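Peer 1: I have a structure here, written as structure tokens, and I will follow up with some questions on it.
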Amino acid sequence: MKLNELSDEDLMLSYRDGSAAAFDVLYARHKGGLYRYVLRQLNNRQDIAAELFQDVWMKLINARLNYQASAKFTTWLYHLAHNRLVDYWRSEKHRKHQVEFEETTEAQVADSTIDNQHSEPHNELLQKQMHQQIKQAIAELPEEQRSAILLKEEAALSLAEIAQVTGVNRETVKSRLRYGIKRLQGILHPLRSVS
Amino acid sequence: MSSNEFDKDKDFQILHEKYQDEATELPPESIDANILQAAHRAVHEQAGIEKNLHSDVVKRFKKHPWYKPMSYVAIIVISLSVVMKLAFDPEFVEPGFNGDDFVEESQTLEADEMAAKPVVSMPEKQKSLAKFNAEKSQQQAVMPELKAKAKKRMMSPKSASSPTVSASRQSELRLESAAAGAALSEPATPMQREMPDMFLQESEQDVLSKEIISQKNQIKKLMELYENKQNEKLKIALLQYRKDYPLIDGVDNVLPKVLRDLEIKWEIERKTENVSKTPQND
């Protein structure tokens, strides 16, 4: 059986037993989702996101010998990421970057709008603006709601798995998702008419 | 609302579509390289540790090539010694062990040990052998008769536990059965049959040693009488000694030569006296 056909759990077990190639496949599968999850949670701060993303994988590499395939691999991976983010938010650094983020995103949106007005067709500009709005809207959500939505979108976790990662019960996750989508409705309604 | 219900929600569907459209960010390549390198290094280090552990043992064997053959020899010697110990040392075996082979082997060993340590001198051995043979022939003579009696008793229903049997008869029966038991307890193994004196029971050995001691004491007394020149007493004592310890094939190697000479001398004198007395009586 090829490595690509193996499940995440089997790949992790192979890596634990000394197969570096298994890790390559596993990393290729999850690097995008995990990176975006961290990035969105950090309000699109790429430098910190990259640092935290690397920390999460390093933690996984160091903990490989203790890995047991009792839980879903994705749940374990995102649980590590969630814990790392919580640690980060607890640090003082976070507050400083929160302020910086608000300034930079506003500037970025303005810049891209100006650039795109000159170089690209009107539709593409609208699309980009919409994407930017979604990103921004997600970034502005309360941390719990944002986390629930991102885990659903990026990791495709079920309610129970999100509950496991964030350490709350299933009903709480459900209400967080519902409130999160409600808050995004302001942005989603104009998008609905466009789509 | 379940997870699937969320998926059907229109707002959520739009969010999902739009989010997935723009979800194209990937980690920087430098981070990818760092992580993959760390992952590979960890695997190699782990393999290296295991390899080193193995190679340490191999190196040790290479440095001291006598380790391996020496350990093999040690194992063989130890196992052989255990087997030998089990096979030949009766004390090494648990008390519950009752194998016939083992009994025969241990008896053979006892016989060897006894042969190696001659506790009894040769004439005494001869004497005990003669005594044993005499007892055996006596027993063999009595045996058919006793067996027949025992069979008779077995056949008659009253004889076994009849309350009418008198006390004297009961004691007689007991004596008979004891004699039969003694007659039946013949030497079991071929070795015992060939060398019965080697397989004397403990009680018999005690009796023999007591007899030897008493014989020695008697000889000591005889020597004292001889030294004190108490000839009359010596004559009576010698007669008594000869009654207790009769000659075997006309030989007595235990009695000192002086006493034996005296005994022969007095025997001849006695016989000549008897011969001279006989015609007077006629």
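So you can find residues: chains in the structure tokens are A, B, ... in the order shown, residues in each start at 1, and ligands are numbered from 1 in order.
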Quick one: which residues from chain A are at most 7 Å off chain B, using only C-alpha atoms, as number ranges by chain?
Peer 2: A: 18, 20, 24, 32, 35-36, 50, 54, 57-58, 61, 131, 153, 158-159, 181, 188, 192
Peer 1: Show which residues sit within 9 Å of Ile138 (chain A), as a PyMOL selection string. Count only C-alpha atoms, and ignore same-chain residues fewer than 5 positions away.
Peer 2: chain A and resi 40-41+43+133+145-146+149-150+180+184
Peer 1: Export, as a CSV table (one decimal), in the first residue's frame, the selected residues with C-alpha atoms.
Peer 2:
```csv
chain,number,residue,atom,x,y,z
A,40,ARG,CA,-6.6,33.4,11.3
A,41,GLN,CA,-6.5,32.9,15.1
A,43,ASN,CA,-5.5,37.9,13.0
A,133,GLN,CA,-14.1,41.2,4.3
A,145,GLN,CA,-16.5,31.6,18.1
A,146,ARG,CA,-13.7,32.2,15.7
A,149,ILE,CA,-15.6,28.2,12.9
A,150,LEU,CA,-12.0,27.8,11.9
A,180,GLY,CA,-20.5,33.1,15.0
A,184,LEU,CA,-21.1,37.1,10.1
```
Peer 1: Determine, counting only C-alpha atoms, which protein, DNA and RNA residues have an atom within 12 Å of an atom of Asn217 (chain B); residues of the same chain fewer than 5 positions away are not included. Present the result as a ChimeraX atom specification.
Peer 2: /B:210-212,222-224,237,241,254-255
Peer 1: Output N, CA and C atoms of each residue in that selection to a file, as a compact mmCIF listing (two decimals), in the first residue's frame.
Peer 2:
```
# COMPACT_ATOMS: atom_id res chain seq x y z
N LYS B 210 28.29 -54.58 67.56
CA LYS B 210 28.24 -54.93 68.99
C LYS B 210 28.96 -56.26 69.22
N GLU B 211 28.70 -57.17 68.32
CA GLU B 211 29.33 -58.50 68.43
C GLU B 211 30.86 -58.39 68.34
N ILE B 212 31.28 -57.56 67.41
CA ILE B 212 32.73 -57.36 67.24
C ILE B 212 33.34 -56.79 68.51
N LEU B 222 40.78 -62.67 77.82
CA LEU B 222 41.57 -63.89 77.64
C LEU B 222 43.06 -63.58 77.73
N MET B 223 43.46 -62.48 77.12
CA MET B 223 44.86 -62.08 77.13
C MET B 223 45.32 -61.73 78.56
N GLU B 224 44.40 -61.07 79.27
CA GLU B 224 44.72 -60.72 80.67
C GLU B 224 44.95 -61.98 81.50
N ALA B 237 37.36 -69.92 80.02
CA ALA B 237 37.01 -68.74 79.19
C ALA B 237 37.17 -69.03 77.70
N TYR B 241 34.42 -68.83 74.88
CA TYR B 241 34.67 -68.00 73.68
C TYR B 241 34.38 -68.81 72.42
N VAL B 254 40.98 -64.08 64.27
CA VAL B 254 40.81 -62.98 65.23
C VAL B 254 41.58 -63.29 66.52
N LEU B 255 41.46 -64.49 66.97
CA LEU B 255 42.11 -64.89 68.22
C LEU B 255 43.64 -64.83 68.07
```
Peer 1: Would you kindly return, as a VMD selection string, each protein, DNA or RNA residue with an atom no farther than 12 Å from any atom of Val165 (chain A), considering only C-alpha atoms and excluding same-chain residues fewer than 2 positions away?
Peer 2: chain A and resid 71 to 84 86 144 147 to 148 150 to 152 155 157 to 163 167 to 170 173
Peer 1: Mind pulling up the distance from CA of Trp266 (chain B) to CA of Ser214 (chain B)?
Peer 2: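 So the answer is 23.6 Å.
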Peer 1: Report as a VMD selection string all protein, DNA and RNA residues lying within 8 Å of region 25-31 of chain A, evaluated on only C-alpha atoms, omitting residues in the same chain fewer than 2 positions from it.
Peer 2: (chain A and resid 3 to 4 8 11 to 12 21 to 23 33 to 35) or (chain B and resid 26 to 27)
Peer 1: Save the residues we just selected, N, CA, C and O atoms, as a PDB file, in the first residue's frame?
Peer 2:
```pdb
ATOM      1  N   LEU A   3       1.994   5.171   0.610  1.00  0.00           N
ATOM      2  CA  LEU A   3       1.854   6.020   1.800  1.00  0.00           C
ATOM      3  C   LEU A   3       0.682   6.983   1.672  1.00  0.00           C
ATOM      4  O   LEU A   3       0.001   7.290   2.647  1.00  0.00           O
ATOM      5  N   ASN A   4       0.449   7.445   0.443  1.00  0.00           N
ATOM      6  CA  ASN A   4      -0.637   8.405   0.211  1.00  0.00           C
ATOM      7  C   ASN A   4      -2.014   7.821   0.518  1.00  0.00           C
ATOM      8  O   ASN A   4      -2.949   8.554   0.814  1.00  0.00           O
ATOM      9  N   ASP A   8      -4.336   9.094   8.319  1.00  0.00           N
ATOM     10  CA  ASP A   8      -3.448   9.944   9.125  1.00  0.00           C
ATOM     11  C   ASP A   8      -2.859   9.163  10.300  1.00  0.00           C
ATOM     12  O   ASP A   8      -1.673   9.298  10.614  1.00  0.00           O
ATOM     13  N   LEU A  11      -0.189   6.771   9.176  1.00  0.00           N
ATOM     14  CA  LEU A  11       1.036   7.517   8.826  1.00  0.00           C
ATOM     15  C   LEU A  11       1.801   7.940  10.071  1.00  0.00           C
ATOM     16  O   LEU A  11       3.022   7.830  10.120  1.00  0.00           O
ATOM     17  N   MET A  12       1.045   8.395  11.064  1.00  0.00           N
ATOM     18  CA  MET A  12       1.697   8.837  12.304  1.00  0.00           C
ATOM     19  C   MET A  12       2.359   7.659  13.010  1.00  0.00           C
ATOM     20  O   MET A  12       3.464   7.798  13.561  1.00  0.00           O
ATOM     21  N   ALA A  21       9.425   9.228   5.600  1.00  0.00           N
ATOM     22  CA  ALA A  21       8.571   9.481   4.432  1.00  0.00           C
ATOM     23  C   ALA A  21       7.112   9.628   4.841  1.00  0.00           C
ATOM     24  O   ALA A  21       6.363  10.421   4.252  1.00  0.00           O
ATOM     25  N   ALA A  22       6.714   8.880   5.861  1.00  0.00           N
ATOM     26  CA  ALA A  22       5.325   8.959   6.356  1.00  0.00           C
ATOM     27  C   ALA A  22       5.047  10.356   6.891  1.00  0.00           C
ATOM     28  O   ALA A  22       3.954  10.906   6.700  1.00  0.00           O
ATOM     29  N   PHE A  23       6.043  10.939   7.538  1.00  0.00           N
ATOM     30  CA  PHE A  23       5.863  12.291   8.059  1.00  0.00           C
ATOM     31  C   PHE A  23       5.705  13.297   6.915  1.00  0.00           C
ATOM     32  O   PHE A  23       4.895  14.224   7.009  1.00  0.00           O
ATOM     33  N   GLY A  33      -3.978  23.648   6.182  1.00  0.00           N
ATOM     34  CA  GLY A  33      -5.103  23.834   7.108  1.00  0.00           C
ATOM     35  C   GLY A  33      -4.640  24.349   8.453  1.00  0.00           C
ATOM     36  O   GLY A  33      -5.210  25.311   8.991  1.00  0.00           O
ATOM     37  N   LEU A  34      -3.595  23.729   8.960  1.00  0.00           N
ATOM     38  CA  LEU A  34      -3.114  24.121  10.289  1.00  0.00           C
ATOM     39  C   LEU A  34      -2.525  25.532  10.253  1.00  0.00           C
ATOM     40  O   LEU A  34      -2.769  26.332  11.166  1.00  0.00           O
ATOM     41  N   TYR A  35      -1.809  25.801   9.190  1.00  0.00           N
ATOM     42  CA  TYR A  35      -1.205  27.132   9.097  1.00  0.00           C
ATOM     43  C   TYR A  35      -2.282  28.213   9.053  1.00  0.00           C
ATOM     44  O   TYR A  35      -2.199  29.224   9.753  1.00  0.00           O
TER      45      TYR A  35
ATOM     46  N   LEU B  26      -0.245  29.340   2.572  1.00  0.00           N
ATOM     47  CA  LEU B  26       0.592  28.200   2.983  1.00  0.00           C
ATOM     48  C   LEU B  26       1.758  28.714   3.820  1.00  0.00           C
ATOM     49  O   LEU B  26       2.147  29.890   3.678  1.00  0.00           O
ATOM     50  N   PRO B  27       2.307  27.846   4.657  1.00  0.00           N
ATOM     51  CA  PRO B  27       3.443  28.317   5.463  1.00  0.00           C
ATOM     52  C   PRO B  27       4.644  28.635   4.581  1.00  0.00           C
ATOM     53  O   PRO B  27       4.776  28.060   3.498  1.00  0.00           O
TER      54      PRO B  27
END
```
